[in-house]
>>> print(open('data.cif').read())   # mmCIF, C-alpha atoms
data_coords
#
loop_
_atom_site.group_PDB
_atom_site.id
_atom_site.type_symbol
_atom_site.label_atom_id
_atom_site.label_comp_id
_atom_site.auth_asym_id
_atom_site.auth_seq_id
_atom_site.Cartn_x
_atom_site.Cartn_y
_atom_site.Cartn_z
ATOM 1 C CA MET A 1 140.881 188.180 190.715
ATOM 2 C CA SER A 2 142.483 190.605 188.261
ATOM 3 C CA VAL A 3 144.307 193.931 188.222
ATOM 4 C CA MET A 4 144.647 196.552 185.487
ATOM 5 C CA TRP A 5 148.192 197.830 184.953
ATOM 6 C CA ASN A 6 148.689 200.679 182.491
ATOM 7 C CA PRO A 7 152.392 201.610 182.651
ATOM 8 C CA TRP A 8 151.929 204.018 179.752
ATOM 9 C CA HIS A 9 148.895 205.653 178.208
ATOM 10 C CA GLY A 10 148.096 206.792 174.686
ATOM 11 C CA CYS A 11 148.572 205.156 171.311
ATOM 12 C CA ARG A 12 148.605 205.827 167.563
ATOM 13 C CA LYS A 13 145.905 204.201 165.444
ATOM 14 C CA VAL A 14 147.303 201.592 163.072
ATOM 15 C CA SER A 15 144.360 199.747 161.509
ATOM 16 C CA GLU A 16 140.606 199.698 160.972
ATOM 17 C CA GLY A 17 139.927 198.246 164.404
ATOM 18 C CA CYS A 18 141.353 201.417 165.948
ATOM 19 C CA ARG A 19 138.865 203.751 164.265
ATOM 20 C CA HIS A 20 136.553 204.142 167.268
ATOM 21 C CA CYS A 21 139.105 203.389 170.007
ATOM 22 C CA TYR A 22 137.591 203.686 173.477
ATOM 23 C CA VAL A 23 140.761 205.341 174.824
ATOM 24 C CA TYR A 24 140.387 208.192 172.340
ATOM 25 C CA ARG A 25 136.727 208.459 173.274
ATOM 26 C CA GLN A 26 137.457 208.654 176.997
ATOM 27 C CA ASP A 27 140.391 211.043 176.620
ATOM 28 C CA GLY A 28 138.319 213.275 174.362
ATOM 29 C CA ARG A 29 135.993 214.021 177.245
ATOM 30 C CA HIS A 30 138.942 215.625 179.047
ATOM 31 C CA ASN A 31 140.562 217.274 176.010
ATOM 32 C CA LEU A 32 143.543 214.913 176.178
ATOM 33 C CA ASP A 33 145.611 213.923 173.144
ATOM 34 C CA SER A 34 145.423 210.114 172.974
ATOM 35 C CA SER A 35 148.003 209.910 170.190
ATOM 36 C CA ARG A 36 150.805 211.037 172.533
ATOM 37 C CA ALA A 37 152.126 208.242 174.721
ATOM 38 C CA ARG A 38 153.104 209.102 178.251
ATOM 39 C CA LYS A 39 154.441 207.117 181.170
ATOM 40 C CA THR A 40 151.918 206.852 183.995
ATOM 41 C CA ALA A 41 152.107 207.071 187.771
ATOM 42 C CA ALA A 42 151.221 203.354 187.840
ATOM 43 C CA PHE A 43 154.377 202.371 185.960
ATOM 44 C CA GLY A 44 155.910 200.445 188.861
ATOM 45 C CA LEU A 45 152.686 198.938 190.182
ATOM 46 C CA PRO A 46 153.706 195.244 189.972
ATOM 47 C CA VAL A 47 156.659 195.796 192.305
ATOM 48 C CA GLN A 48 155.178 198.415 194.622
ATOM 49 C CA ARG A 49 155.040 197.393 198.281
ATOM 50 C CA SER A 50 152.841 198.358 201.187
ATOM 51 C CA ARG A 51 154.261 199.787 204.392
ATOM 52 C CA ASP A 52 154.517 196.289 205.827
ATOM 53 C CA GLY A 53 156.816 195.292 202.963
ATOM 54 C CA ARG A 54 154.369 193.078 201.111
ATOM 55 C CA PHE A 55 153.645 193.568 197.419
ATOM 56 C CA LYS A 56 150.517 195.609 196.810
ATOM 57 C CA ILE A 57 149.476 193.051 194.176
ATOM 58 C CA PRO A 58 149.411 189.680 195.946
ATOM 59 C CA ALA A 59 150.674 186.487 194.363
ATOM 60 C CA GLY A 60 148.286 184.655 192.073
ATOM 61 C CA GLU A 61 146.594 187.692 190.523
ATOM 62 C CA ARG A 62 146.043 188.113 186.792
ATOM 63 C CA VAL A 63 147.435 191.436 185.578
ATOM 64 C CA TYR A 64 146.046 192.987 182.394
ATOM 65 C CA ALA A 65 148.802 195.190 180.981
ATOM 66 C CA CYS A 66 148.565 198.229 178.713
ATOM 67 C CA PHE A 67 144.839 198.282 178.061
ATOM 68 C CA THR A 68 144.967 202.053 177.416
ATOM 69 C CA SER A 69 147.850 201.733 174.964
ATOM 70 C CA ASP A 70 149.745 198.994 173.116
ATOM 71 C CA PHE A 71 152.533 197.178 174.943
ATOM 72 C CA LEU A 72 154.580 197.152 171.721
ATOM 73 C CA LEU A 73 154.054 200.839 170.902
ATOM 74 C CA GLU A 74 157.172 202.316 169.327
ATOM 75 C CA GLU A 75 157.143 205.366 171.605
ATOM 76 C CA ALA A 76 157.365 203.049 174.627
ATOM 77 C CA ASP A 77 160.594 201.347 173.568
ATOM 78 C CA ALA A 78 162.605 203.155 176.248
ATOM 79 C CA TRP A 79 160.186 202.105 179.006
ATOM 80 C CA ARG A 80 159.492 198.514 177.983
ATOM 81 C CA PRO A 81 162.727 196.872 179.287
ATOM 82 C CA ALA A 82 161.775 197.906 182.826
ATOM 83 C CA ALA A 83 158.255 196.534 182.272
ATOM 84 C CA TRP A 84 159.682 193.200 181.096
ATOM 85 C CA GLU A 85 161.888 193.123 184.180
ATOM 86 C CA MET A 86 158.889 193.623 186.472
ATOM 87 C CA MET A 87 157.114 190.756 184.720
ATOM 88 C CA ARG A 88 160.197 188.580 185.211
ATOM 89 C CA LEU A 89 160.553 189.489 188.876
ATOM 90 C CA ARG A 90 156.876 188.935 189.592
ATOM 91 C CA HIS A 91 156.811 185.382 188.286
ATOM 92 C CA ASP A 92 154.047 184.757 190.842
ATOM 93 C CA LEU A 93 151.646 186.919 188.786
ATOM 94 C CA SER A 94 150.006 186.111 185.451
ATOM 95 C CA PHE A 95 150.426 188.955 182.937
ATOM 96 C CA MET A 96 148.423 189.420 179.763
ATOM 97 C CA PHE A 97 148.643 192.047 177.041
ATOM 98 C CA PHE A 98 147.008 192.479 173.628
ATOM 99 C CA THR A 99 148.726 194.035 170.636
ATOM 100 C CA LYS A 100 148.100 195.205 167.088
ATOM 101 C CA ARG A 101 151.872 195.436 166.582
ATOM 102 C CA ILE A 102 152.844 191.772 166.851
ATOM 103 C CA GLU A 103 155.445 192.205 164.114
ATOM 104 C CA ARG A 104 157.553 194.219 166.595
ATOM 105 C CA LEU A 105 157.603 191.630 169.358
ATOM 106 C CA ARG A 106 160.610 189.599 168.232
ATOM 107 C CA ASP A 107 162.763 192.747 168.059
ATOM 108 C CA VAL A 108 161.934 193.993 171.560
ATOM 109 C CA LEU A 109 162.019 190.806 173.641
ATOM 110 C CA PRO A 110 164.182 190.671 176.781
ATOM 111 C CA PRO A 111 167.472 188.722 176.513
ATOM 112 C CA ASP A 112 166.268 185.847 178.709
ATOM 113 C CA TRP A 113 162.882 185.414 177.027
ATOM 114 C CA GLY A 114 163.727 182.096 175.377
ATOM 115 C CA ALA A 115 160.464 180.429 174.301
ATOM 116 C CA GLY A 116 158.581 182.973 176.416
ATOM 117 C CA TYR A 117 158.040 183.787 180.082
ATOM 118 C CA ASP A 118 155.694 181.209 181.537
ATOM 119 C CA ASN A 119 153.676 183.932 183.307
ATOM 120 C CA VAL A 120 153.023 186.086 180.215
ATOM 121 C CA THR A 121 150.176 185.610 177.732
ATOM 122 C CA VAL A 122 150.222 187.571 174.484
ATOM 123 C CA GLY A 123 147.009 188.295 172.614
ATOM 124 C CA CYS A 124 147.224 189.172 168.930
ATOM 125 C CA THR A 125 144.281 191.337 167.872
ATOM 126 C CA VAL A 126 142.681 190.810 164.459
ATOM 127 C CA GLU A 127 139.537 192.663 163.410
ATOM 128 C CA ASN A 128 139.196 191.628 159.758
ATOM 129 C CA GLN A 129 140.623 189.144 157.273
ATOM 130 C CA GLU A 130 143.336 191.517 156.103
ATOM 131 C CA MET A 131 144.758 191.860 159.592
ATOM 132 C CA ALA A 132 144.419 188.136 160.277
ATOM 133 C CA ALA A 133 146.471 187.345 157.181
ATOM 134 C CA ARG A 134 149.054 189.976 158.065
ATOM 135 C CA ARG A 135 149.461 189.405 161.790
ATOM 136 C CA LEU A 136 148.798 185.749 162.546
ATOM 137 C CA PRO A 137 151.665 184.191 160.538
ATOM 138 C CA CYS A 138 154.041 186.520 162.377
ATOM 139 C CA PHE A 139 152.381 185.664 165.690
ATOM 140 C CA LEU A 140 152.896 181.937 165.157
ATOM 141 C CA ASN A 141 156.517 182.451 164.112
ATOM 142 C CA THR A 142 157.470 184.480 167.178
ATOM 143 C CA PRO A 143 158.508 182.709 170.400
ATOM 144 C CA VAL A 144 155.585 183.034 172.800
ATOM 145 C CA ARG A 145 154.718 180.463 175.443
ATOM 146 C CA HIS A 146 151.045 181.423 175.804
ATOM 147 C CA ARG A 147 149.173 182.759 172.745
ATOM 148 C CA ILE A 148 145.582 183.831 172.243
ATOM 149 C CA ILE A 149 143.846 185.396 169.241
ATOM 150 C CA VAL A 150 141.545 188.318 170.027
ATOM 151 C CA CYS A 151 138.957 189.048 167.328
ATOM 152 C CA ALA A 152 137.807 192.446 168.549
ATOM 153 C CA PRO A 153 136.181 194.487 167.352
ATOM 154 C CA LEU A 154 134.911 191.806 164.984
ATOM 155 C CA LEU A 155 134.134 193.759 161.797
ATOM 156 C CA GLU A 156 133.532 191.048 159.209
ATOM 157 C CA PRO A 157 133.500 187.264 158.746
ATOM 158 C CA LEU A 158 136.854 185.678 159.550
ATOM 159 C CA GLU A 159 138.481 182.518 158.269
ATOM 160 C CA LEU A 160 141.032 181.607 160.930
ATOM 161 C CA SER A 161 141.448 177.907 160.170
ATOM 162 C CA PRO A 162 144.927 178.246 158.588
ATOM 163 C CA TRP A 163 146.295 179.534 161.912
ATOM 164 C CA LEU A 164 144.336 177.492 164.460
ATOM 165 C CA SER A 165 147.199 175.294 165.560
ATOM 166 C CA PRO A 166 147.839 173.787 169.013
ATOM 167 C CA ALA A 167 150.065 176.811 169.672
ATOM 168 C CA ILE A 168 146.893 178.904 170.089
ATOM 169 C CA GLU A 169 145.444 178.499 173.575
ATOM 170 C CA GLU A 170 142.230 180.468 173.030
ATOM 171 C CA VAL A 171 140.289 182.566 170.547
ATOM 172 C CA SER A 172 138.224 185.395 172.042
ATOM 173 C CA VAL A 173 135.585 187.326 170.093
ATOM 174 C CA GLY A 174 133.862 190.627 170.802
ATOM 175 C CA GLY A 175 131.915 193.355 169.037
ATOM 176 C CA GLU A 176 132.626 197.082 169.084
ATOM 177 C CA SER A 177 131.434 199.330 171.900
ATOM 178 C CA GLY A 178 130.673 203.046 171.938
ATOM 179 C CA PRO A 179 128.185 205.417 170.281
ATOM 180 C CA GLU A 180 129.818 204.988 166.843
ATOM 181 C CA ALA A 181 130.070 201.202 167.060
ATOM 182 C CA ARG A 182 129.878 199.202 163.866
ATOM 183 C CA THR A 183 127.512 196.243 163.705
ATOM 184 C CA CYS A 184 128.708 192.791 164.708
ATOM 185 C CA ASP A 185 126.812 189.942 163.032
ATOM 186 C CA TYR A 186 126.181 187.005 165.352
ATOM 187 C CA ASP A 187 126.692 184.656 162.403
ATOM 188 C CA TRP A 188 130.304 185.850 162.230
ATOM 189 C CA VAL A 189 130.724 184.947 165.903
ATOM 190 C CA LEU A 190 129.252 181.487 165.369
ATOM 191 C CA SER A 191 131.499 180.930 162.363
ATOM 192 C CA VAL A 192 134.632 181.610 164.409
ATOM 193 C CA ARG A 193 133.269 179.332 167.117
ATOM 194 C CA ARG A 194 132.693 176.522 164.607
ATOM 195 C CA GLN A 195 136.281 176.835 163.367
ATOM 196 C CA CYS A 196 137.569 176.652 166.938
ATOM 197 C CA VAL A 197 135.465 173.595 167.763
ATOM 198 C CA GLU A 198 136.700 171.832 164.622
ATOM 199 C CA ALA A 199 140.301 172.615 165.634
ATOM 200 C CA ASP A 200 139.535 171.795 169.302
ATOM 201 C CA ILE A 201 140.736 175.210 170.485
ATOM 202 C CA PRO A 202 138.984 177.040 173.349
ATOM 203 C CA PHE A 203 136.593 179.756 172.236
ATOM 204 C CA ARG A 204 135.321 182.693 174.289
ATOM 205 C CA TYR A 205 132.549 185.126 173.392
ATOM 206 C CA HIS A 206 133.562 187.964 175.661
ATOM 207 C CA GLN A 207 131.481 190.925 174.468
ATOM 208 C CA THR A 208 128.477 191.515 172.214
ATOM 209 C CA GLY A 209 129.366 195.054 171.247
ATOM 210 C CA ALA A 210 126.852 197.891 171.124
ATOM 211 C CA LEU A 211 125.155 196.763 167.894
ATOM 212 C CA LEU A 212 124.468 193.060 167.415
ATOM 213 C CA LEU A 213 122.719 191.657 164.371
ATOM 214 C CA LYS A 214 121.112 188.327 165.198
ATOM 215 C CA GLU A 215 118.570 186.417 163.114
ATOM 216 C CA GLY A 216 117.738 189.491 161.080
ATOM 217 C CA ARG A 217 117.162 191.764 164.073
ATOM 218 C CA LEU A 218 119.508 194.561 165.184
ATOM 219 C CA TYR A 219 119.937 194.795 168.940
ATOM 220 C CA ARG A 220 121.298 197.881 170.709
ATOM 221 C CA ILE A 221 123.027 196.745 173.878
ATOM 222 C CA ARG A 222 124.067 199.044 176.708
ATOM 223 C CA ARG A 223 127.756 199.043 177.588
ATOM 224 C CA ALA A 224 127.066 197.679 181.070
ATOM 225 C CA CYS A 225 125.362 194.611 179.598
ATOM 226 C CA GLN A 226 127.700 193.709 176.751
ATOM 227 C CA HIS A 227 129.831 191.233 178.709
ATOM 228 C CA SER A 228 126.943 189.647 180.584
ATOM 229 C CA GLN A 229 124.848 189.278 177.419
ATOM 230 C CA ALA A 230 127.732 187.511 175.715
ATOM 231 C CA ARG A 231 128.025 185.093 178.636
ATOM 232 C CA ARG A 232 124.269 184.482 178.554
ATOM 233 C CA ALA A 233 124.600 183.284 174.962
ATOM 234 C CA ASP A 234 126.390 180.272 176.486
ATOM 235 C CA ILE A 235 128.481 179.486 173.429
ATOM 236 C CA ASP A 236 131.938 179.380 175.027
ATOM 237 C CA TYR A 237 133.891 176.229 174.230
ATOM 238 C CA LYS A 238 136.361 174.630 176.650
ATOM 239 C CA ILE A 239 136.635 177.804 178.739
ATOM 240 C CA THR A 240 137.345 176.975 182.381
ATOM 241 C CA ASP A 241 137.270 180.514 183.788
ATOM 242 C CA ARG A 242 134.408 182.920 183.275
ATOM 243 C CA GLU A 243 136.272 186.177 183.831
ATOM 244 C CA PRO A 244 135.753 188.419 180.786
ATOM 245 C CA LEU A 245 138.709 189.889 178.937
#
>>> encode(input="data.cif", output="structure tokens")
Amino acid sequence: MSVMWNPWHGCRKVSEGCRHCYVYRQDGRHNLDSSRARKTAAFGLPVQRSRDGRFKIPAGERVYACFTSDFLLEEADAWRPAAWEMMRLRHDLSFMFFTKRIERLRDVLPPDWGAGYDNVTVGCTVENQEMAARRLPCFLNTPVRHRIIVCAPLLEPLELSPWLSPAIEEVSVGGESGPEARTCDYDWVLSVRRQCVEADIPFRYHQTGALLLKEGRLYRIRRACQHSQARRADIDYKITDREPL
């Protein structure tokens, strides 16, 4: 089971992968400014209790954090220490967040982080070769106990081999969703998979995206089917759980 936890909402675009951000698309329907970060009513969700005194999120759940923002967003610096503390207190939960600002992580870690909290997984997002070359060396040189690389939206062929070390627990690949989605070539997906197999690192194909080019044919895939169609491709490698990211 999993829970979404968005302690703050809104983010500034920082790279090409942000161009068609789904948060901007959703907020635009309600005339909201996605570039302005704001603390949400769900900020304290991990430590909220029911009337009987039990935590509302039971032990053992996976908690996806900040999926409508970036956990390392500069504007959230004042709020993040409390978020770290909730992660520390709820050591019985498994937290995961993705970031396009991995270069900030070392400077905003909690004092007792050490090699990383055992219940926190950090995903570094790379959408093209430029961002892979910029972000992944920093990612590998920052103390994190559980690391994954998230290639989403995958916008071009990627050569990840220089950074596929045993420190990487998984590589997850997905295309871009939305009406303005850019095409994801299935050959790019298979290339990343081949690199992972050669390095013996788990590979997950978590989402096709809205436009998938495969064997010379362009497929338009409805949003509701993008995760299931990726699973049907059956190309995951060494993945023990089937829950999509």
>>> resolve_selection(input="data.cif", expression="the PyMOL selection byres ((chain A and resi 141-150) around 8)", output="list in words")
Phe98, Leu105, Arg106, Gly114, Ala115, Gly116, Tyr117, Asp118, Val120, Thr121, Val122, Gly123, Cys124, Thr125, Val126, Pro137, Cys138, Phe139, Leu140, Cys151, Ala152, Ala167, Ile168, Glu169, Glu170, Val171, Ser172 and Val173 of chain A
>>> residues_around(input="data.cif", residues="Ala59 in chain A", least_positions_apart="5", cutoff="9 Å", atoms="only C-alpha atoms", output="ChimeraX atom specification")
/A:90-94
>>> atom_distance(input="data.cif", atom1="CA of Gln48 in chain A", atom2="CA of Val63 in chain A")
13.8 Å
>>> closest_residue(input="data.cif", among="A:Arg104, A:Arg232, A:Arg38, A:Arg220", to="Cys184 in chain A", atoms="all atoms listed in the file")
A:Arg220
>>> atom_distance(input="data.cif", atom1="CA of Ser165 in chain A", atom2="CA of Tyr237 in chain A")
15.9 Å
>>> closest_residue(input="data.cif", among="A:Met86, A:Ile239, A:Met131, A:Met4", to="Ile102 in chain A", atoms="only C-alpha atoms")
A:Met131
>>> atom_distance(input="data.cif", atom1="CA of Asp27 in chain A", atom2="CA of Ser15 in chain A")
19.3 Å
>>> resolve_selection(input="data.cif", expression="the PyMOL selection byres ((chain A and resi 14) around 12)", output="list of chain:residue names")
A:Cys11, A:Arg12, A:Lys13, A:Ser15, A:Glu16, A:Gly17, A:Cys18, A:Arg19, A:His20, A:Cys21, A:Ser35, A:Ser69, A:Asp70, A:Leu73, A:Glu74, A:Thr99, A:Lys100, A:Arg101, A:Ile102, A:Thr125, A:Val126, A:Glu127, A:Met131
>>> residues_around(input="data.cif", residues="range 234-236 of chain A", least_positions_apart="6", cutoff="9 Å", atoms="only C-alpha atoms", output="number ranges by chain")
A: 190, 193, 202-206
>>> residues_around(input="data.cif", residues="Ser2 in chain A", least_positions_apart="4", cutoff="8 Å", atoms="only C-alpha atoms", output="list in words")
Glu61, Arg62, Val63 and Tyr64 of chain A
>>> closest_residue(input="data.cif", among="A:Ala76, A:Val197, A:Pro7, A:Arg29", to="Ala42 in chain A", atoms="only C-alpha atoms")
A:Pro7
>>> resolve_selection(input="data.cif", expression="the PyMOL selection byres ((chain A and resi 157) around 9)", output="ChimeraX atom specification")
/A:128-129,154-156,158-159,185,187-189,191-192
>>> residues_around(input="data.cif", residues="Ser228 in chain A", least_positions_apart="3", cutoff="9 Å", atoms="all atoms listed in the file", output="list in words")
His206, Gln207, Thr208, Ala224, Cys225, Arg231, Arg232, Ala233 and Pro244 of chain A
>>> axis_aligned_box(input="data.cif", around="range 136-154 of chain A", padding_each_side="3 Å", output="lines of an AutoDock Vina configuration file")
center_x = 146.7
center_y = 187.5
center_z = 168.2
size_x = 29.6
size_y = 20.0
size_z = 21.3
>>> residues_around(input="data.cif", residues="Thr68 in chain A", least_positions_apart="5", cutoff="9 Å", atoms="only C-alpha atoms", output="NGL selection string")
:A and (6 or 8-11 or 22-23)
>>> closest_residue(input="data.cif", among="A:Asp107, A:Ala199, A:Arg25, A:Ser161", to="Ala132 in chain A", atoms="only C-alpha atoms")
A:Ser161
